[in-house]
Structure formats: structure tokens, C-alpha cells
$ cat structure.pdb   # PDB, C-alpha atoms, pLDDT in the B column
ATOM      1  CA  MET A   1       0.000   0.000   0.000  1.00 39.00           C
ATOM      2  CA  SER A   2       1.238   3.484  -0.838  1.00 44.00           C
ATOM      3  CA  LEU A   3       2.145   5.685   2.118  1.00 43.00           C
ATOM      4  CA  GLN A   4       1.900   8.833   0.026  1.00 50.00           C
ATOM      5  CA  ARG A   5      -0.376  11.593   1.178  1.00 48.00           C
ATOM      6  CA  PRO A   6      -3.073  12.618  -1.341  1.00 53.00           C
ATOM      7  CA  ARG A   7      -2.341  15.535  -3.641  1.00 53.00           C
ATOM      8  CA  LEU A   8      -3.773  18.709  -2.138  1.00 58.00           C
ATOM      9  CA  GLU A   9      -6.137  20.826  -4.238  1.00 62.00           C
ATOM     10  CA  GLY A  10      -4.151  23.638  -5.877  1.00 68.00           C
ATOM     11  CA  GLU A  11      -0.782  22.011  -5.190  1.00 74.00           C
ATOM     12  CA  PRO A  12       1.571  22.271  -8.205  1.00 80.00           C
ATOM     13  CA  PRO A  13       2.724  19.035  -9.862  1.00 88.00           C
ATOM     14  CA  ARG A  14       6.328  17.961  -9.300  1.00 81.00           C
ATOM     15  CA  PRO A  15       6.721  17.411 -12.265  1.00 90.00           C
ATOM     16  CA  VAL A  16       3.603  15.258 -12.856  1.00 94.00           C
ATOM     17  CA  SER A  17       0.920  14.335 -10.342  1.00 93.00           C
ATOM     18  CA  PHE A  18      -2.226  12.215 -10.417  1.00 91.00           C
ATOM     19  CA  ARG A  19      -5.642  12.147  -8.846  1.00 90.00           C
ATOM     20  CA  THR A  20      -8.390   9.514  -9.151  1.00 89.00           C
ATOM     21  CA  GLU A  21     -11.775  10.338  -7.629  1.00 90.00           C
ATOM     22  CA  SER A  22     -15.445   9.324  -7.732  1.00 90.00           C
ATOM     23  CA  TYR A  23     -18.016  12.112  -8.006  1.00 90.00           C
ATOM     24  CA  LYS A  24     -21.746  11.891  -7.429  1.00 90.00           C
ATOM     25  CA  GLY A  25     -24.156  12.970 -10.156  1.00 82.00           C
ATOM     26  CA  GLY A  26     -24.906  16.680 -10.047  1.00 87.00           C
ATOM     27  CA  THR A  27     -21.374  17.690  -9.035  1.00 92.00           C
ATOM     28  CA  PHE A  28     -20.309  21.105 -10.374  1.00 94.00           C
ATOM     29  CA  PHE A  29     -16.717  22.292 -10.621  1.00 94.00           C
ATOM     30  CA  PRO A  30     -16.615  26.122 -10.657  1.00 95.00           C
ATOM     31  CA  PRO A  31     -14.578  28.137 -13.178  1.00 95.00           C
ATOM     32  CA  THR A  32     -10.828  28.031 -12.597  1.00 93.00           C
ATOM     33  CA  ARG A  33      -7.521  28.337 -14.381  1.00 93.00           C
ATOM     34  CA  GLN A  34      -4.209  26.838 -13.302  1.00 93.00           C
ATOM     35  CA  SER A  35      -0.568  27.463 -14.161  1.00 94.00           C
ATOM     36  CA  TRP A  36       0.016  23.844 -15.247  1.00 96.00           C
ATOM     37  CA  GLY A  37      -1.411  21.517 -17.894  1.00 97.00           C
ATOM     38  CA  GLU A  38      -4.233  19.126 -17.097  1.00 96.00           C
ATOM     39  CA  LEU A  39      -5.388  15.845 -18.659  1.00 96.00           C
ATOM     40  CA  ASN A  40      -8.895  14.720 -17.665  1.00 94.00           C
ATOM     41  CA  TYR A  41      -9.948  11.134 -18.314  1.00 89.00           C
ATOM     42  CA  SER A  42     -13.201   9.369 -17.418  1.00 86.00           C
ATOM     43  CA  LEU A  43     -13.004   5.756 -16.260  1.00 82.00           C
ATOM     44  CA  SER A  44     -16.809   5.596 -16.188  1.00 77.00           C
ATOM     45  CA  GLY A  45     -19.511   8.153 -16.852  1.00 75.00           C
ATOM     46  CA  VAL A  46     -19.480  11.383 -18.839  1.00 78.00           C
ATOM     47  CA  VAL A  47     -18.250  14.810 -17.730  1.00 85.00           C
ATOM     48  CA  GLU A  48     -19.240  18.010 -19.536  1.00 83.00           C
ATOM     49  CA  PHE A  49     -16.773  20.902 -19.762  1.00 89.00           C
ATOM     50  CA  ASP A  50     -17.043  24.535 -20.658  1.00 88.00           C
ATOM     51  CA  ILE A  51     -13.517  25.428 -21.752  1.00 91.00           C
ATOM     52  CA  GLU A  52     -13.155  29.109 -22.573  1.00 88.00           C
ATOM     53  CA  GLY A  53     -16.745  29.201 -23.796  1.00 81.00           C
ATOM     54  CA  VAL A  54     -16.592  25.988 -25.860  1.00 80.00           C
ATOM     55  CA  CYS A  55     -18.524  22.840 -24.878  1.00 76.00           C
ATOM     56  CA  TYR A  56     -16.538  19.584 -24.577  1.00 84.00           C
ATOM     57  CA  LEU A  57     -17.754  16.115 -23.625  1.00 80.00           C
ATOM     58  CA  SER A  58     -15.487  13.640 -21.860  1.00 82.00           C
ATOM     59  CA  PRO A  59     -16.709  10.024 -22.264  1.00 77.00           C
ATOM     60  CA  PRO A  60     -14.555   6.963 -21.467  1.00 75.00           C
ATOM     61  CA  HIS A  61     -11.698   6.229 -23.898  1.00 74.00           C
ATOM     62  CA  TYR A  62     -11.238   9.912 -24.703  1.00 83.00           C
ATOM     63  CA  ALA A  63      -9.421  12.502 -22.610  1.00 91.00           C
ATOM     64  CA  ILE A  64      -9.590  16.278 -22.441  1.00 94.00           C
ATOM     65  CA  TRP A  65      -6.254  18.091 -22.524  1.00 96.00           C
ATOM     66  CA  MET A  66      -6.002  21.695 -21.309  1.00 96.00           C
ATOM     67  CA  PRO A  67      -2.737  23.649 -21.541  1.00 97.00           C
ATOM     68  CA  PRO A  68      -1.652  25.941 -18.690  1.00 97.00           C
ATOM     69  CA  ASP A  69      -3.801  29.012 -17.904  1.00 96.00           C
ATOM     70  CA  THR A  70      -6.929  27.605 -19.582  1.00 96.00           C
ATOM     71  CA  LEU A  71     -10.195  28.833 -18.040  1.00 96.00           C
ATOM     72  CA  HIS A  72     -12.596  25.914 -17.531  1.00 95.00           C
ATOM     73  CA  GLU A  73     -15.530  24.617 -15.532  1.00 94.00           C
ATOM     74  CA  ALA A  74     -17.177  21.193 -15.497  1.00 93.00           C
ATOM     75  CA  TRP A  75     -20.171  19.195 -14.261  1.00 89.00           C
ATOM     76  CA  ASN A  76     -21.497  15.643 -14.413  1.00 84.00           C
ATOM     77  CA  GLN A  77     -25.170  14.686 -14.580  1.00 74.00           C
ATOM     78  CA  HIS A  78     -24.529  11.116 -13.368  1.00 72.00           C
ATOM     79  CA  ASP A  79     -21.947   9.412 -11.147  1.00 78.00           C
ATOM     80  CA  VAL A  80     -18.429   9.328 -12.591  1.00 83.00           C
ATOM     81  CA  ARG A  81     -15.041   7.834 -11.782  1.00 85.00           C
ATOM     82  CA  TYR A  82     -12.406  10.270 -12.980  1.00 89.00           C
ATOM     83  CA  VAL A  83      -8.647  10.577 -13.384  1.00 91.00           C
ATOM     84  CA  THR A  84      -6.836  13.913 -13.568  1.00 94.00           C
ATOM     85  CA  VAL A  85      -3.174  14.232 -14.537  1.00 95.00           C
ATOM     86  CA  TYR A  86      -1.393  17.508 -13.742  1.00 96.00           C
ATOM     87  CA  VAL A  87       1.695  18.394 -15.815  1.00 96.00           C
ATOM     88  CA  GLU A  88       4.043  21.221 -14.847  1.00 95.00           C
ATOM     89  CA  ARG A  89       4.384  24.101 -17.295  1.00 95.00           C
ATOM     90  CA  ALA A  90       7.960  23.248 -18.341  1.00 94.00           C
ATOM     91  CA  LEU A  91       6.813  19.859 -19.688  1.00 95.00           C
ATOM     92  CA  CYS A  92       3.910  21.367 -21.666  1.00 96.00           C
ATOM     93  CA  ALA A  93       6.030  23.062 -24.343  1.00 94.00           C
ATOM     94  CA  ASP A  94       5.710  20.119 -26.755  1.00 93.00           C
ATOM     95  CA  LEU A  95       2.124  19.241 -25.767  1.00 95.00           C
ATOM     96  CA  PRO A  96      -0.988  20.608 -27.534  1.00 94.00           C
ATOM     97  CA  GLY A  97      -1.121  24.394 -27.216  1.00 94.00           C
ATOM     98  CA  SER A  98      -4.921  24.539 -27.221  1.00 93.00           C
ATOM     99  CA  PRO A  99      -7.669  22.447 -25.588  1.00 93.00           C
ATOM    100  CA  GLN A 100      -8.034  19.113 -27.352  1.00 91.00           C
ATOM    101  CA  THR A 101      -9.912  15.844 -27.133  1.00 90.00           C
ATOM    102  CA  LEU A 102      -7.357  13.024 -27.216  1.00 91.00           C
ATOM    103  CA  SER A 103      -7.798   9.368 -28.036  1.00 84.00           C
ATOM    104  CA  ILE A 104      -6.280   7.407 -25.142  1.00 85.00           C
ATOM    105  CA  SER A 105      -3.699   4.755 -26.059  1.00 88.00           C
ATOM    106  CA  PRO A 106      -3.580   1.361 -24.312  1.00 89.00           C
ATOM    107  CA  LEU A 107      -0.135   2.274 -22.917  1.00 93.00           C
ATOM    108  CA  LEU A 108      -1.403   5.527 -21.387  1.00 92.00           C
ATOM    109  CA  LYS A 109      -4.377   3.656 -19.876  1.00 89.00           C
ATOM    110  CA  ALA A 110      -2.042   1.023 -18.427  1.00 92.00           C
ATOM    111  CA  ILE A 111       0.203   3.606 -16.747  1.00 93.00           C
ATOM    112  CA  LEU A 112      -2.797   5.421 -15.247  1.00 89.00           C
ATOM    113  CA  ALA A 113      -4.264   2.110 -14.041  1.00 88.00           C
ATOM    114  CA  ASP A 114      -0.937   1.113 -12.485  1.00 92.00           C
ATOM    115  CA  PHE A 115      -0.582   4.408 -10.603  1.00 91.00           C
ATOM    116  CA  ALA A 116      -4.207   4.197  -9.430  1.00 87.00           C
ATOM    117  CA  ALA A 117      -3.756   0.608  -8.228  1.00 88.00           C
ATOM    118  CA  ARG A 118      -0.629   1.568  -6.255  1.00 91.00           C
ATOM    119  CA  ASP A 119      -2.163   4.847  -5.038  1.00 89.00           C
ATOM    120  CA  ILE A 120       0.617   6.923  -6.601  1.00 91.00           C
ATOM    121  CA  HIS A 121      -0.130  10.655  -6.523  1.00 91.00           C
ATOM    122  CA  LEU A 122       3.366  12.098  -6.892  1.00 91.00           C
ATOM    123  CA  PRO A 123       5.864   9.749  -8.584  1.00 92.00           C
ATOM    124  CA  ALA A 124       9.025   9.616  -6.494  1.00 92.00           C
ATOM    125  CA  SER A 125      11.014   6.505  -7.407  1.00 94.00           C
ATOM    126  CA  ALA A 126      13.230   6.444 -10.502  1.00 95.00           C
ATOM    127  CA  GLU A 127      10.972   3.787 -12.025  1.00 96.00           C
ATOM    128  CA  ASP A 128       7.780   5.796 -11.488  1.00 95.00           C
ATOM    129  CA  LEU A 129       9.387   8.990 -12.777  1.00 95.00           C
ATOM    130  CA  ARG A 130      10.301   7.145 -15.975  1.00 95.00           C
ATOM    131  CA  LEU A 131       6.681   5.987 -16.309  1.00 95.00           C
ATOM    132  CA  ALA A 132       5.564   9.599 -15.862  1.00 95.00           C
ATOM    133  CA  ASP A 133       7.918  10.629 -18.690  1.00 95.00           C
ATOM    134  CA  VAL A 134       6.381   7.972 -20.945  1.00 96.00           C
ATOM    135  CA  LEU A 135       2.906   9.204 -20.014  1.00 95.00           C
ATOM    136  CA  VAL A 136       3.810  12.758 -21.063  1.00 96.00           C
ATOM    137  CA  ASP A 137       5.152  11.361 -24.351  1.00 96.00           C
ATOM    138  CA  GLN A 138       1.845   9.527 -24.863  1.00 95.00           C
ATOM    139  CA  ILE A 139      -0.084  12.780 -24.403  1.00 95.00           C
ATOM    140  CA  ARG A 140       2.136  14.393 -27.048  1.00 95.00           C
ATOM    141  CA  LEU A 141       1.641  11.504 -29.493  1.00 94.00           C
ATOM    142  CA  ALA A 142      -2.101  10.988 -28.907  1.00 92.00           C
ATOM    143  CA  ARG A 143      -4.504  11.381 -31.832  1.00 86.00           C
ATOM    144  CA  ARG A 144      -6.162  14.783 -31.475  1.00 85.00           C
ATOM    145  CA  CYS A 145      -9.542  16.218 -32.282  1.00 76.00           C
ATOM    146  CA  GLU A 146     -10.876  19.545 -31.064  1.00 69.00           C
ATOM    147  CA  SER A 147     -13.961  17.984 -29.484  1.00 73.00           C
ATOM    148  CA  TYR A 148     -15.401  14.482 -29.287  1.00 77.00           C
ATOM    149  CA  LEU A 149     -18.864  15.848 -30.068  1.00 82.00           C
ATOM    150  CA  PRO A 150     -18.366  19.262 -31.723  1.00 83.00           C
ATOM    151  CA  LEU A 151     -21.217  21.748 -32.007  1.00 82.00           C
ATOM    152  CA  SER A 152     -21.868  24.518 -34.501  1.00 86.00           C
ATOM    153  CA  GLY A 153     -23.636  27.849 -34.618  1.00 88.00           C
ATOM    154  CA  ASP A 154     -24.263  27.491 -38.353  1.00 93.00           C
ATOM    155  CA  PRO A 155     -27.893  28.576 -39.049  1.00 95.00           C
ATOM    156  CA  LEU A 156     -28.643  25.410 -41.037  1.00 95.00           C
ATOM    157  CA  LEU A 157     -26.775  22.952 -38.846  1.00 95.00           C
ATOM    158  CA  GLU A 158     -27.406  24.222 -35.325  1.00 94.00           C
ATOM    159  CA  PRO A 159     -31.190  23.509 -35.242  1.00 96.00           C
ATOM    160  CA  VAL A 160     -30.561  19.939 -36.451  1.00 96.00           C
ATOM    161  CA  LEU A 161     -27.849  19.269 -33.874  1.00 95.00           C
ATOM    162  CA  ASN A 162     -29.929  20.760 -31.055  1.00 92.00           C
ATOM    163  CA  ALA A 163     -32.950  18.656 -32.025  1.00 95.00           C
ATOM    164  CA  LEU A 164     -30.855  15.480 -32.052  1.00 95.00           C
ATOM    165  CA  ARG A 165     -29.242  16.313 -28.701  1.00 91.00           C
ATOM    166  CA  ALA A 166     -32.746  16.643 -27.256  1.00 89.00           C
ATOM    167  CA  ALA A 167     -33.873  13.356 -28.878  1.00 94.00           C
ATOM    168  CA  PRO A 168     -30.852  11.122 -29.745  1.00 94.00           C
ATOM    169  CA  GLY A 169     -33.238   8.375 -30.865  1.00 95.00           C
ATOM    170  CA  ASP A 170     -34.653  10.453 -33.731  1.00 96.00           C
ATOM    171  CA  ARG A 171     -34.157   8.262 -36.830  1.00 94.00           C
ATOM    172  CA  ARG A 172     -34.698  10.868 -39.539  1.00 96.00           C
ATOM    173  CA  SER A 173     -32.154  10.668 -42.350  1.00 96.00           C
ATOM    174  CA  LEU A 174     -29.935  13.536 -43.465  1.00 96.00           C
ATOM    175  CA  ALA A 175     -32.202  13.949 -46.500  1.00 97.00           C
ATOM    176  CA  GLU A 176     -35.245  14.298 -44.235  1.00 97.00           C
ATOM    177  CA  TRP A 177     -33.487  16.848 -42.051  1.00 97.00           C
ATOM    178  CA  ALA A 178     -32.465  18.773 -45.177  1.00 96.00           C
ATOM    179  CA  ARG A 179     -36.041  18.915 -46.439  1.00 96.00           C
ATOM    180  CA  GLY A 180     -37.167  20.193 -43.050  1.00 95.00           C
ATOM    181  CA  MET A 181     -34.554  22.949 -43.235  1.00 95.00           C
ATOM    182  CA  LYS A 182     -35.546  23.741 -46.852  1.00 96.00           C
ATOM    183  CA  THR A 183     -32.106  22.920 -48.188  1.00 96.00           C
ATOM    184  CA  THR A 184     -30.445  20.026 -49.989  1.00 96.00           C
ATOM    185  CA  GLU A 185     -28.869  16.905 -48.521  1.00 97.00           C
ATOM    186  CA  ARG A 186     -25.605  17.802 -50.252  1.00 97.00           C
ATOM    187  CA  THR A 187     -25.554  21.257 -48.658  1.00 97.00           C
ATOM    188  CA  LEU A 188     -26.237  19.919 -45.178  1.00 96.00           C
ATOM    189  CA  SER A 189     -23.630  17.179 -45.651  1.00 97.00           C
ATOM    190  CA  ARG A 190     -21.063  19.778 -46.675  1.00 96.00           C
ATOM    191  CA  ARG A 191     -21.889  21.897 -43.616  1.00 96.00           C
ATOM    192  CA  CYS A 192     -21.231  18.843 -41.411  1.00 95.00           C
ATOM    193  CA  GLN A 193     -17.793  18.341 -42.923  1.00 94.00           C
ATOM    194  CA  ASP A 194     -16.951  22.057 -42.811  1.00 93.00           C
ATOM    195  CA  HIS A 195     -18.173  22.750 -39.257  1.00 91.00           C
ATOM    196  CA  LEU A 196     -17.916  19.362 -37.502  1.00 90.00           C
ATOM    197  CA  CYS A 197     -15.008  17.834 -39.471  1.00 85.00           C
ATOM    198  CA  MET A 198     -16.965  14.584 -39.760  1.00 90.00           C
ATOM    199  CA  SER A 199     -20.007  13.152 -41.507  1.00 94.00           C
ATOM    200  CA  PHE A 200     -23.548  13.510 -40.204  1.00 96.00           C
ATOM    201  CA  ASN A 201     -23.747   9.777 -39.479  1.00 95.00           C
ATOM    202  CA  GLU A 202     -20.481   9.751 -37.531  1.00 92.00           C
ATOM    203  CA  TRP A 203     -21.610  12.732 -35.431  1.00 94.00           C
ATOM    204  CA  ARG A 204     -24.941  11.038 -34.717  1.00 95.00           C
ATOM    205  CA  GLN A 205     -23.226   7.810 -33.672  1.00 92.00           C
ATOM    206  CA  ARG A 206     -21.002   9.733 -31.262  1.00 89.00           C
ATOM    207  CA  LEU A 207     -24.093  11.441 -29.851  1.00 91.00           C
ATOM    208  CA  LYS A 208     -25.761   8.066 -29.354  1.00 93.00           C
ATOM    209  CA  LEU A 209     -22.669   6.751 -27.574  1.00 88.00           C
ATOM    210  CA  VAL A 210     -22.564   9.714 -25.183  1.00 82.00           C
ATOM    211  CA  ALA A 211     -26.297   9.344 -24.491  1.00 87.00           C
ATOM    212  CA  ALA A 212     -25.879   5.581 -24.013  1.00 88.00           C
ATOM    213  CA  LEU A 213     -23.068   6.035 -21.485  1.00 78.00           C
ATOM    214  CA  ALA A 214     -25.209   8.344 -19.391  1.00 75.00           C
ATOM    215  CA  LEU A 215     -28.223   5.980 -19.519  1.00 85.00           C
ATOM    216  CA  LEU A 216     -26.126   2.925 -18.664  1.00 83.00           C
ATOM    217  CA  GLU A 217     -24.540   4.741 -15.729  1.00 70.00           C
ATOM    218  CA  ALA A 218     -28.061   5.577 -14.532  1.00 74.00           C
ATOM    219  CA  GLY A 219     -28.884   1.837 -14.473  1.00 84.00           C
ATOM    220  CA  VAL A 220     -31.178   1.727 -17.520  1.00 91.00           C
ATOM    221  CA  PRO A 221     -31.277  -1.834 -18.981  1.00 94.00           C
ATOM    222  CA  VAL A 222     -29.417  -2.355 -22.261  1.00 95.00           C
ATOM    223  CA  LYS A 223     -32.612  -3.255 -24.132  1.00 95.00           C
ATOM    224  CA  ASP A 224     -34.302  -0.044 -22.997  1.00 96.00           C
ATOM    225  CA  VAL A 225     -31.241   2.013 -23.921  1.00 95.00           C
ATOM    226  CA  SER A 226     -31.272   0.573 -27.425  1.00 95.00           C
ATOM    227  CA  GLN A 227     -34.967   1.414 -27.822  1.00 95.00           C
ATOM    228  CA  GLN A 228     -34.510   4.962 -26.518  1.00 95.00           C
ATOM    229  CA  LEU A 229     -31.713   5.517 -29.019  1.00 96.00           C
ATOM    230  CA  GLY A 230     -33.749   4.309 -31.978  1.00 94.00           C
ATOM    231  CA  TYR A 231     -32.134   0.933 -32.617  1.00 94.00           C
ATOM    232  CA  GLY A 232     -34.268  -1.837 -34.059  1.00 91.00           C
ATOM    233  CA  SER A 233     -32.671  -4.414 -31.774  1.00 94.00           C
ATOM    234  CA  ALA A 234     -30.415  -4.589 -28.741  1.00 94.00           C
ATOM    235  CA  SER A 235     -27.822  -6.495 -30.802  1.00 95.00           C
ATOM    236  CA  ALA A 236     -27.511  -3.597 -33.281  1.00 95.00           C
ATOM    237  CA  PHE A 237     -26.941  -1.192 -30.389  1.00 95.00           C
ATOM    238  CA  ILE A 238     -24.391  -3.514 -28.762  1.00 94.00           C
ATOM    239  CA  ALA A 239     -22.506  -3.807 -32.081  1.00 93.00           C
ATOM    240  CA  MET A 240     -22.295   0.000 -32.381  1.00 90.00           C
ATOM    241  CA  PHE A 241     -21.196   0.334 -28.761  1.00 89.00           C
ATOM    242  CA  ARG A 242     -18.487  -2.301 -29.109  1.00 85.00           C
ATOM    243  CA  ARG A 243     -17.213  -0.783 -32.354  1.00 83.00           C
ATOM    244  CA  LEU A 244     -16.783   2.669 -30.757  1.00 78.00           C
ATOM    245  CA  THR A 245     -15.540   1.638 -27.300  1.00 74.00           C
ATOM    246  CA  GLY A 246     -13.973  -1.801 -27.737  1.00 69.00           C
ATOM    247  CA  THR A 247     -16.212  -3.301 -25.063  1.00 75.00           C
ATOM    248  CA  SER A 248     -19.864  -4.216 -24.512  1.00 85.00           C
ATOM    249  CA  PRO A 249     -22.390  -2.073 -22.621  1.00 88.00           C
ATOM    250  CA  THR A 250     -22.568  -4.665 -19.828  1.00 86.00           C
ATOM    251  CA  GLN A 251     -18.779  -4.779 -19.460  1.00 78.00           C
ATOM    252  CA  MET A 252     -18.569  -0.993 -19.492  1.00 69.00           C
ATOM    253  CA  ARG A 253     -21.180  -0.715 -16.746  1.00 69.00           C
ATOM    254  CA  GLY A 254     -19.355  -3.367 -14.709  1.00 61.00           C
ATOM    255  CA  GLY A 255     -16.194  -1.287 -14.727  1.00 52.00           C
TER     256      GLY A 255
END
$ encode --input "structure.pdb" --output "C-alpha cells"
Amino acid sequence: MSLQRPRLEGEPPRPVSFRTESYKGGTFFPPTRQSWGELNYSLSGVVEFDIEGVCYLSPPHYAIWMPPDTLHEAWNQHDVRYVTVYVERALCADLPGSPQTLSISPLLKAILADFAARDIHLPASAEDLRLADVLVDQIRLARRCESYLPLSGDPLLEPVLNALRAAPGDRRSLAEWARGMKTTERTLSRRCQDHLCMSFNEWRQRLKLVAALALLEAGVPVKDVSQQLGYGSASAFIAMFRRLTGTSPTQMRGG
């Protein structure tokens, strides 16, 4: 068992420090900015961030990176288990210079899991400091995207995205949405690529995944989740979930 004391809130990393916590649904983290970099990673549940006025979602398997001095606040609607990595400013020079959503590598996950299992908050031994160096390298090398579920203020796209966020199970096709907006499918498709940097179908699948994670964390049965999200069968939903997360809904809920 580790004899380390927990990292104190507001204590600078030396040079990297770690914190793993569980938070009850409805927790709100007020606006703050810190003089070091911060990697936020959900083990279970979804956290929503407002980072300098931009909305970010943090589901499992994706992390949120914030460089030093980034103003942010966060909240979670349902219970979450969350890891935060703090990186001193000197080590952030080669890391992303703007907030990013990062795809988490198996190696980065393994290092975080090892530190959590051994209750390591501030690496001290030569071996743990080397692992911390590798972790920083993994942040630098991680595949980046500005947001896992980007939004847009485009006058054609915004009403469609807002309607789908309110009802993720809506099964209307892109062509049907285009007719409702009195435009063409091609135009709406192009707006998706220009403003979201992905196709309409990929964005909708990501939305369904985020909604599914929240429902599963709330204890909703898999069959009911699939119905709420507009899938014709639970197996189709499970296939989508496994393709995007690498695990099944039941395994994800079990930790």
C-alpha cells in the first residue's frame, strides 16, 4: 500500500501528479484556471466541460487536454469515476497548445491504471518517474480532435444538432433533415464536414454513444437504452457500442 499523502487541491505538480476520484451525479466544478497543464480522463460516466466558452464532452476512452492558464468549468449529470493528470508548465512546451480531445492509447491507460492501483499521486522513485515521462510522451503523441462531439452555430446545422441532442433516438435521415430545413442533402452534408469535421452519421453515432453512457450509468437496462436511441434491436446497439468503445455495454457498466 502506498504511504503517500493525497495531492492537495491547488498544489503544483512535481513534475507530474495524479488524482483519481469518484463524483456523485450533479457535481459542479466552478470556473478556474491553473498554471500547469491538465489531462482529464473518465473511467466511467461522462463529464461536460465549458472550456473558454466551448462545450466539450469527456466520455470513457477519450481525454480532455487543457494547456496551462486555460479557463474551464465542469459538471457531471450522473456518477463518474475520474482521473486527472497535472503536468508542470515546463513539460507542456511540446504538448498541444490549445484544448483538445485526445484518443487514449492502451499504454497511457495502463500507466494510469498502475498508478491508481498503487495509489501513486506524486511519482518519487526512478521507475515511477520514468513511467511519468512515458505518459507525457503519450499525451504528445495521442490522436487529437478539437472535441469528441463538436457543435456549430451554423444557421442550417445548429437547429438539427440541437434537435438530435434533445432526442438522440430520432431516426430521420440527413435527407429528411435537409427537407425540413428547406435545403439540400448535399448542402447539409457539406456543412457537417466544414463545421464538424466529420459526416452527419459519424456525429450522430457519437451522440448516441454519449447518451448511451449516461443511460447505462443511470442503471437503464441495455434493451431499454437501445430502444430509446432508436435501434431496431439490442444487438444492433451492442454492435455499435463495441465498435466505438472496444467493449460491450454490460462490461462498461461493470467497470
$ resolve_selection --input "structure.pdb" --expression "the PyMOL selection byres ((chain A and resi 101) around 6)" --output "list in words"
Ala63, Ile64, Gln100, Leu102, Arg144, Cys145, Glu146 and Ser147 of chain A
$ residues_near_point --input "structure.pdb" --point "(-4.7, 2.6, -13.9)" --cutoff "12 Å" --atoms "all atoms listed in the file" --output "ChimeraX atom specification"
/A:18-20,41-43,81-85,106-121,135
$ residues_around --input "structure.pdb" --residues "Gly180 in chain A" --least-positions-apart "4" --cutoff "12 Å" --atoms "all atoms listed in the file" --output "VMD selection string"
chain A and resid 156 to 157 159 to 160 163 172 to 176 184 to 185 188
$ closest_residue --input "structure.pdb" --among "A:Arg204, A:His72, A:Arg186, A:Arg130" --to "Arg171 in chain A" --atoms "only C-alpha atoms"
A:Arg204
$ atom_distance --input "structure.pdb" --atom1 "CA of Lys182 in chain A" --atom2 "CA of Asn162 in chain A"
17.0 Å
$ build_atoms --input "structure.pdb" --residues "range 192-198 of chain A" --atoms "all heavy atoms" --output "PDB file, in the frame of the given file"
ATOM      1  N   CYS A 192     -21.749  19.758 -42.440  1.00 95.00           N
ATOM      2  CA  CYS A 192     -21.231  18.843 -41.411  1.00 95.00           C
ATOM      3  C   CYS A 192     -19.715  18.709 -41.528  1.00 95.00           C
ATOM      4  O   CYS A 192     -18.991  18.801 -40.515  1.00 95.00           O
ATOM      5  CB  CYS A 192     -21.883  17.467 -41.531  1.00 95.00           C
ATOM      6  SG  CYS A 192     -23.606  17.398 -41.013  1.00 95.00           S
ATOM      7  N   GLN A 193     -19.238  18.488 -42.738  1.00 94.00           N
ATOM      8  CA  GLN A 193     -17.793  18.341 -42.923  1.00 94.00           C
ATOM      9  C   GLN A 193     -17.054  19.630 -42.604  1.00 94.00           C
ATOM     10  O   GLN A 193     -15.996  19.617 -41.974  1.00 94.00           O
ATOM     11  CB  GLN A 193     -17.489  17.903 -44.371  1.00 94.00           C
ATOM     12  CG  GLN A 193     -17.938  16.502 -44.706  1.00 94.00           C
ATOM     13  CD  GLN A 193     -17.150  15.429 -43.957  1.00 94.00           C
ATOM     14  OE1 GLN A 193     -16.108  15.684 -43.372  1.00 94.00           O
ATOM     15  NE2 GLN A 193     -17.670  14.212 -43.973  1.00 94.00           N
ATOM     16  N   ASP A 194     -17.619  20.771 -43.021  1.00 93.00           N
ATOM     17  CA  ASP A 194     -16.951  22.057 -42.811  1.00 93.00           C
ATOM     18  C   ASP A 194     -16.931  22.475 -41.346  1.00 93.00           C
ATOM     19  O   ASP A 194     -15.937  23.016 -40.854  1.00 93.00           O
ATOM     20  CB  ASP A 194     -17.640  23.152 -43.643  1.00 93.00           C
ATOM     21  CG  ASP A 194     -17.405  22.992 -45.131  1.00 93.00           C
ATOM     22  OD1 ASP A 194     -16.507  22.218 -45.511  1.00 93.00           O
ATOM     23  OD2 ASP A 194     -18.132  23.629 -45.914  1.00 93.00           O
ATOM     24  N   HIS A 195     -18.039  22.239 -40.623  1.00 91.00           N
ATOM     25  CA  HIS A 195     -18.173  22.750 -39.257  1.00 91.00           C
ATOM     26  C   HIS A 195     -17.878  21.699 -38.185  1.00 91.00           C
ATOM     27  O   HIS A 195     -17.476  22.055 -37.078  1.00 91.00           O
ATOM     28  CB  HIS A 195     -19.583  23.313 -39.045  1.00 91.00           C
ATOM     29  CG  HIS A 195     -19.859  24.548 -39.832  1.00 91.00           C
ATOM     30  ND1 HIS A 195     -19.646  25.816 -39.341  1.00 91.00           N
ATOM     31  CD2 HIS A 195     -20.316  24.715 -41.104  1.00 91.00           C
ATOM     32  CE1 HIS A 195     -19.970  26.712 -40.267  1.00 91.00           C
ATOM     33  NE2 HIS A 195     -20.371  26.073 -41.341  1.00 91.00           N
ATOM     34  N   LEU A 196     -18.114  20.413 -38.500  1.00 90.00           N
ATOM     35  CA  LEU A 196     -17.916  19.362 -37.502  1.00 90.00           C
ATOM     36  C   LEU A 196     -16.687  18.515 -37.794  1.00 90.00           C
ATOM     37  O   LEU A 196     -16.250  17.736 -36.938  1.00 90.00           O
ATOM     38  CB  LEU A 196     -19.152  18.449 -37.438  1.00 90.00           C
ATOM     39  CG  LEU A 196     -20.497  19.144 -37.232  1.00 90.00           C
ATOM     40  CD1 LEU A 196     -21.620  18.109 -37.260  1.00 90.00           C
ATOM     41  CD2 LEU A 196     -20.518  19.924 -35.920  1.00 90.00           C
ATOM     42  N   CYS A 197     -16.165  18.627 -39.031  1.00 85.00           N
ATOM     43  CA  CYS A 197     -15.008  17.834 -39.471  1.00 85.00           C
ATOM     44  C   CYS A 197     -15.313  16.342 -39.444  1.00 85.00           C
ATOM     45  O   CYS A 197     -14.425  15.516 -39.176  1.00 85.00           O
ATOM     46  CB  CYS A 197     -13.775  18.146 -38.638  1.00 85.00           C
ATOM     47  SG  CYS A 197     -13.237  19.864 -38.769  1.00 85.00           S
ATOM     48  N   MET A 198     -16.559  15.980 -39.664  1.00 90.00           N
ATOM     49  CA  MET A 198     -16.965  14.584 -39.760  1.00 90.00           C
ATOM     50  C   MET A 198     -18.315  14.521 -40.458  1.00 90.00           C
ATOM     51  O   MET A 198     -18.976  15.551 -40.644  1.00 90.00           O
ATOM     52  CB  MET A 198     -17.054  13.932 -38.373  1.00 90.00           C
ATOM     53  CG  MET A 198     -18.130  14.491 -37.465  1.00 90.00           C
ATOM     54  SD  MET A 198     -18.091  13.774 -35.790  1.00 90.00           S
ATOM     55  CE  MET A 198     -16.643  14.575 -35.112  1.00 90.00           C
TER      56      MET A 198
END
